[in-house]
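Novice: Pasting in a structure now, in structure tokens, and then I'll have a few things to ask.
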Amino acid sequence: MIQNQKKFKNKCQLQLSNPFSTNFVFKFYFYFMAGIYLHIPFCKQACHYCDFHFSTKLQGKADFVKALTQEITLTQNYLGNESIKTIYFGGGTPSILSLGELENIFEALNENYSLSEVQEITIEVNPDDVDAEMLIGYKKLGINRLSIGIQSFDDGHLKFTNRNHQSSQAIKCVKDAQDAGFDNISIDLIYGIPSPSHAVWEKDLATALALEVQHISAYCLTIEPQTVFGKWKAKNKMTFATDDFEAAQFEILLENLSAGGFEQYEISNFCINEKYALHNTNYWLGEHYLGLGPSAHSFNGQERRWNVSNNNKYTAAITNGNLSFDKEQLTERDKANEYIMIGLRTKWGLNLGILAEKYFTPISKIEKYLLVLEKKGLIVIENNIVYLTQQGKLLGDEVSAELFI
């Protein structure tokens, strides 16, 4: 399924007389691939679209790193005996950390977890933060995957979104990473940025393909209320892209990346040569993970919890030997609906057998909705697995909502 199907053992065998029959032979083998996510809540400046938790006040960084290493110790039992297969440094801006600070974090991870089976360690970086020396340092620490926040190769769009780098720095960052020996590089792009035509977006995609990266994550510009863009929109200070414009850019994305040999394995994620983002695929397959740092989420199969979204409160609690988080116990309905939502987003689809066997949801509960969606051309059902059509991918959230239990 992901990189090596034998390793991940997420298999099913179905024998059906009709696509909605519950009289089938079903075997499901699940091998947990636990992940650790570390949220680094600092940025040099705020992008106009971002509503993630972060601070531009960097003076608390040293205290935060110390608290993070303490949290690693305090949470060492959260995942039980599950093997750690992926580690992901997200943010915020993880590349704002020095190599020495990263080394301290890795020391704490090694002291509290067995990392011998880790397959992927990702760090998100901004092009203006890293140089050749830093990239080589990452390699020495064991980091084997980069996620570079480029967003656009157009300087006008970068300025509009308040990014801190220029297009030339983005290109240089990718090439420096390749020179340092990274062969698993992902870049982030944003579409739906208001523009008189699609020319900039088409050029962004051409530049990305020319750089020969292994993975591209492309997200539609979303206007969140508490961001700069959200406040501009509320005051009618500028006009943003229409739904039709965004849909057209999504179709351009699919056409160009497909022509470039990229596989769309999740609505917003594309790769070549099966270079799937293992950590994020972990989320989409419903597997378990530990979130460290302020605002980070954790999931152990039974509960979901999230740390306080305040750097000072987080650091103070950890310093006193406490964890500050809220949590919710997941019902069987919650688990089923999450599987419906994430399953539909991926190339592996929503497996109706797994829905019935693992999430205790008889297919009869959603059969009539499946038929309606299939008739509308939003889904196809093959071998008891539901996939979004190209039209359905434009309305993924709405399709999922129709099937929620």
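Each chain of the structure tokens is named A, B, ... in the order shown, its residues numbered from 1; ligands are numbered from 1 in display order.
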Excluding segment 275-286 of chain A and its own-chain neighbours fewer than 6 positions away, which residues fall within 7 Å of it when counting only C-alpha atoms? Please give them as a short mmCIF file (atom, residue, chain, number, x, y, z; two decimals) with C-alpha atoms, in the first residue's frame.
Specialist:
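Output (result13.cif):
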data_model
loop_
_atom_site.label_atom_id
_atom_site.label_comp_id
_atom_site.auth_asym_id
_atom_site.auth_seq_id
_atom_site.Cartn_x
_atom_site.Cartn_y
_atom_site.Cartn_z
CA ILE A 2 2.53 2.58 1.02
CA MET A 33 2.97 2.27 12.33
CA GLY A 35 4.41 8.33 14.51
CA THR A 86 8.00 8.13 11.54
CA TYR A 88 7.83 14.77 11.83
CA GLU A 120 11.18 8.50 7.83
CA GLN A 214 9.87 13.66 -5.35
CA HIS A 215 6.73 15.04 -3.70
CA TYR A 339 -12.38 6.59 8.53
CA ILE A 342 -9.80 10.14 5.46
CA GLY A 343 -10.41 7.02 3.41
#
Novice: Which polymer residues have any atom within 9 Å of an atom of segment 306-322 of chain A, counting only C-alpha atoms, with same-chain residues fewer than 5 positions away left out, as an mmCIF file with C-alpha atoms, in the first residue's frame?
Specialist:
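Saved result, selection_28.cif, follows:
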data_model
loop_
_atom_site.group_PDB
_atom_site.id
_atom_site.type_symbol
_atom_site.label_atom_id
_atom_site.label_comp_id
_atom_site.auth_asym_id
_atom_site.auth_seq_id
_atom_site.Cartn_x
_atom_site.Cartn_y
_atom_site.Cartn_z
ATOM 1 C CA PRO A 41 5.661 27.102 17.450
ATOM 2 C CA HIS A 53 -0.431 28.088 16.328
ATOM 3 C CA PHE A 54 2.862 29.999 16.326
ATOM 4 C CA SER A 55 4.605 33.026 17.824
ATOM 5 C CA GLY A 60 11.165 31.965 24.516
ATOM 6 C CA ASP A 63 12.843 27.518 27.317
ATOM 7 C CA PHE A 64 10.506 25.844 24.839
ATOM 8 C CA LYS A 66 13.923 22.441 27.244
ATOM 9 C CA ALA A 67 10.204 21.934 27.930
ATOM 10 C CA LEU A 68 9.810 19.859 24.761
ATOM 11 C CA GLN A 70 10.812 17.144 29.218
ATOM 12 C CA GLU A 71 7.462 16.432 27.535
ATOM 13 C CA LEU A 74 6.507 12.635 30.430
ATOM 14 C CA GLY A 291 1.908 15.011 19.300
ATOM 15 C CA LEU A 292 4.475 17.050 21.230
ATOM 16 C CA GLY A 293 4.598 20.810 21.687
ATOM 17 C CA PRO A 294 1.865 23.446 22.114
ATOM 18 C CA SER A 295 -1.335 22.751 20.116
ATOM 19 C CA ALA A 296 -0.077 19.320 18.993
ATOM 20 C CA HIS A 297 -2.672 16.543 18.713
ATOM 21 C CA SER A 298 -2.286 12.901 19.759
ATOM 22 C CA LYS A 327 -9.100 15.337 25.311
#
Novice: Can you check which residues of segment 233-329 of chain A DSSP gives as helix (DSSP H, G or I) on the backbone and send them as number ranges by chain?
Specialist: A: 233-234, 243-259, 278-284, 311-319
Novice: Deliver the residues from the most recent selection as a file, using N, CA and C atoms, as an mmCIF file, in the first residue's frame.
Specialist:
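Result saved to part-v8.cif:
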data_model
loop_
_atom_site.group_PDB
_atom_site.id
_atom_site.type_symbol
_atom_site.label_atom_id
_atom_site.label_comp_id
_atom_site.auth_asym_id
_atom_site.auth_seq_id
_atom_site.Cartn_x
_atom_site.Cartn_y
_atom_site.Cartn_z
ATOM 1 N N LYS A 233 -10.942 40.236 4.190
ATOM 2 C CA LYS A 233 -12.195 39.807 3.562
ATOM 3 C C LYS A 233 -13.393 40.365 4.309
ATOM 4 N N ALA A 234 -13.334 40.343 5.639
ATOM 5 C CA ALA A 234 -14.452 40.843 6.446
ATOM 6 C C ALA A 234 -14.692 42.329 6.211
ATOM 7 N N ASP A 243 -14.888 30.362 -6.570
ATOM 8 C CA ASP A 243 -14.856 28.902 -6.544
ATOM 9 C C ASP A 243 -14.486 28.347 -7.916
ATOM 10 N N ASP A 244 -15.008 28.957 -8.968
ATOM 11 C CA ASP A 244 -14.716 28.484 -10.324
ATOM 12 C C ASP A 244 -13.239 28.648 -10.658
ATOM 13 N N PHE A 245 -12.643 29.765 -10.230
ATOM 14 C CA PHE A 245 -11.221 29.996 -10.468
ATOM 15 C C PHE A 245 -10.389 28.942 -9.736
ATOM 16 N N GLU A 246 -10.743 28.656 -8.489
ATOM 17 C CA GLU A 246 -10.014 27.661 -7.706
ATOM 18 C C GLU A 246 -10.164 26.272 -8.323
ATOM 19 N N ALA A 247 -11.382 25.944 -8.772
ATOM 20 C CA ALA A 247 -11.606 24.636 -9.389
ATOM 21 C C ALA A 247 -10.791 24.490 -10.677
ATOM 22 N N ALA A 248 -10.715 25.557 -11.447
ATOM 23 C CA ALA A 248 -9.930 25.520 -12.681
ATOM 24 C C ALA A 248 -8.453 25.301 -12.369
ATOM 25 N N GLN A 249 -7.960 25.945 -11.295
ATOM 26 C CA GLN A 249 -6.554 25.765 -10.942
ATOM 27 C C GLN A 249 -6.297 24.358 -10.414
ATOM 28 N N PHE A 250 -7.264 23.776 -9.747
ATOM 29 C CA PHE A 250 -7.125 22.396 -9.295
ATOM 30 C C PHE A 250 -7.023 21.455 -10.491
ATOM 31 N N GLU A 251 -7.829 21.692 -11.494
ATOM 32 C CA GLU A 251 -7.776 20.860 -12.696
ATOM 33 C C GLU A 251 -6.455 21.036 -13.440
ATOM 34 N N ILE A 252 -5.935 22.262 -13.460
ATOM 35 C CA ILE A 252 -4.613 22.504 -14.066
ATOM 36 C C ILE A 252 -3.541 21.749 -13.286
ATOM 37 N N LEU A 253 -3.672 21.749 -11.965
ATOM 38 C CA LEU A 253 -2.753 21.008 -11.108
ATOM 39 C C LEU A 253 -2.753 19.531 -11.471
ATOM 40 N N LEU A 254 -3.929 18.928 -11.549
ATOM 41 C CA LEU A 254 -4.027 17.504 -11.847
ATOM 42 C C LEU A 254 -3.451 17.186 -13.218
ATOM 43 N N GLU A 255 -3.771 18.001 -14.189
ATOM 44 C CA GLU A 255 -3.317 17.762 -15.558
ATOM 45 C C GLU A 255 -1.792 17.849 -15.661
ATOM 46 N N ASN A 256 -1.212 18.890 -15.053
ATOM 47 C CA ASN A 256 0.231 19.097 -15.172
ATOM 48 C C ASN A 256 1.032 18.058 -14.388
ATOM 49 N N LEU A 257 0.603 17.753 -13.184
ATOM 50 C CA LEU A 257 1.363 16.788 -12.399
ATOM 51 C C LEU A 257 1.223 15.380 -12.945
ATOM 52 N N SER A 258 0.058 15.044 -13.467
ATOM 53 C CA SER A 258 -0.102 13.738 -14.104
ATOM 54 C C SER A 258 0.813 13.613 -15.318
ATOM 55 N N ALA A 259 0.861 14.668 -16.115
ATOM 56 C CA ALA A 259 1.742 14.666 -17.285
ATOM 57 C C ALA A 259 3.209 14.581 -16.872
ATOM 58 N N LEU A 278 5.165 9.181 4.453
ATOM 59 C CA LEU A 278 4.759 8.094 5.342
ATOM 60 C C LEU A 278 4.076 8.600 6.599
ATOM 61 N N HIS A 279 4.584 9.690 7.158
ATOM 62 C CA HIS A 279 3.994 10.200 8.397
ATOM 63 C C HIS A 279 2.557 10.652 8.183
ATOM 64 N N ASN A 280 2.321 11.416 7.134
ATOM 65 C CA ASN A 280 0.962 11.881 6.873
ATOM 66 C C ASN A 280 0.050 10.732 6.451
ATOM 67 N N THR A 281 0.596 9.773 5.725
ATOM 68 C CA THR A 281 -0.187 8.594 5.366
ATOM 69 C C THR A 281 -0.599 7.847 6.623
ATOM 70 N N ASN A 282 0.248 7.892 7.635
ATOM 71 C CA ASN A 282 -0.071 7.343 8.944
ATOM 72 C C ASN A 282 -1.395 7.912 9.455
ATOM 73 N N TYR A 283 -1.551 9.233 9.360
ATOM 74 C CA TYR A 283 -2.806 9.866 9.771
ATOM 75 C C TYR A 283 -3.977 9.361 8.925
ATOM 76 N N TRP A 284 -3.779 9.344 7.615
ATOM 77 C CA TRP A 284 -4.876 9.032 6.701
ATOM 78 C C TRP A 284 -5.328 7.581 6.802
ATOM 79 N N ASN A 311 2.244 29.149 24.200
ATOM 80 C CA ASN A 311 3.628 28.788 24.480
ATOM 81 C C ASN A 311 3.983 28.933 25.952
ATOM 82 N N ASN A 312 3.591 30.036 26.572
ATOM 83 C CA ASN A 312 3.935 30.276 27.967
ATOM 84 C C ASN A 312 3.259 29.275 28.901
ATOM 85 N N LYS A 313 1.969 29.001 28.659
ATOM 86 C CA LYS A 313 1.249 28.038 29.495
ATOM 87 C C LYS A 313 1.819 26.636 29.315
ATOM 88 N N TYR A 314 2.160 26.312 28.089
ATOM 89 C CA TYR A 314 2.749 24.999 27.804
ATOM 90 C C TYR A 314 4.063 24.836 28.558
ATOM 91 N N THR A 315 4.948 25.821 28.419
ATOM 92 C CA THR A 315 6.264 25.744 29.042
ATOM 93 C C THR A 315 6.161 25.713 30.566
ATOM 94 N N ALA A 316 5.277 26.529 31.112
ATOM 95 C CA ALA A 316 5.120 26.574 32.568
ATOM 96 C C ALA A 316 4.629 25.238 33.121
ATOM 97 N N ALA A 317 3.660 24.643 32.454
ATOM 98 C CA ALA A 317 3.120 23.366 32.923
ATOM 99 C C ALA A 317 4.187 22.278 32.883
ATOM 100 N N ILE A 318 4.899 22.181 31.761
ATOM 101 C CA ILE A 318 5.919 21.145 31.627
ATOM 102 C C ILE A 318 7.030 21.346 32.648
ATOM 103 N N THR A 319 7.432 22.586 32.866
ATOM 104 C CA THR A 319 8.489 22.884 33.839
ATOM 105 C C THR A 319 8.115 22.401 35.237
#
Novice: Figure out the distance between atom CA of Lys44 of chain A and atom CA of Leu58 of chain A, please, to one decimal in Å.
Specialist: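 Interatomic distance here is 7.9 Å.
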Novice: For Leu330 of chain A, which residue out of A:Asp129, A:Glu303, A:Glu263, A:Glu374 is the nearest one, using only C-alpha atoms?
Specialist: A:Glu303
Novice: Any idea what the distance is between atom CA of Asn126 of chain A and atom CA of Gly261 of chain A?
Specialist: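 Atom-to-atom, atom CA of Asn126 of chain A and atom CA of Gly261 of chain A are spaced 25.8 Å apart.
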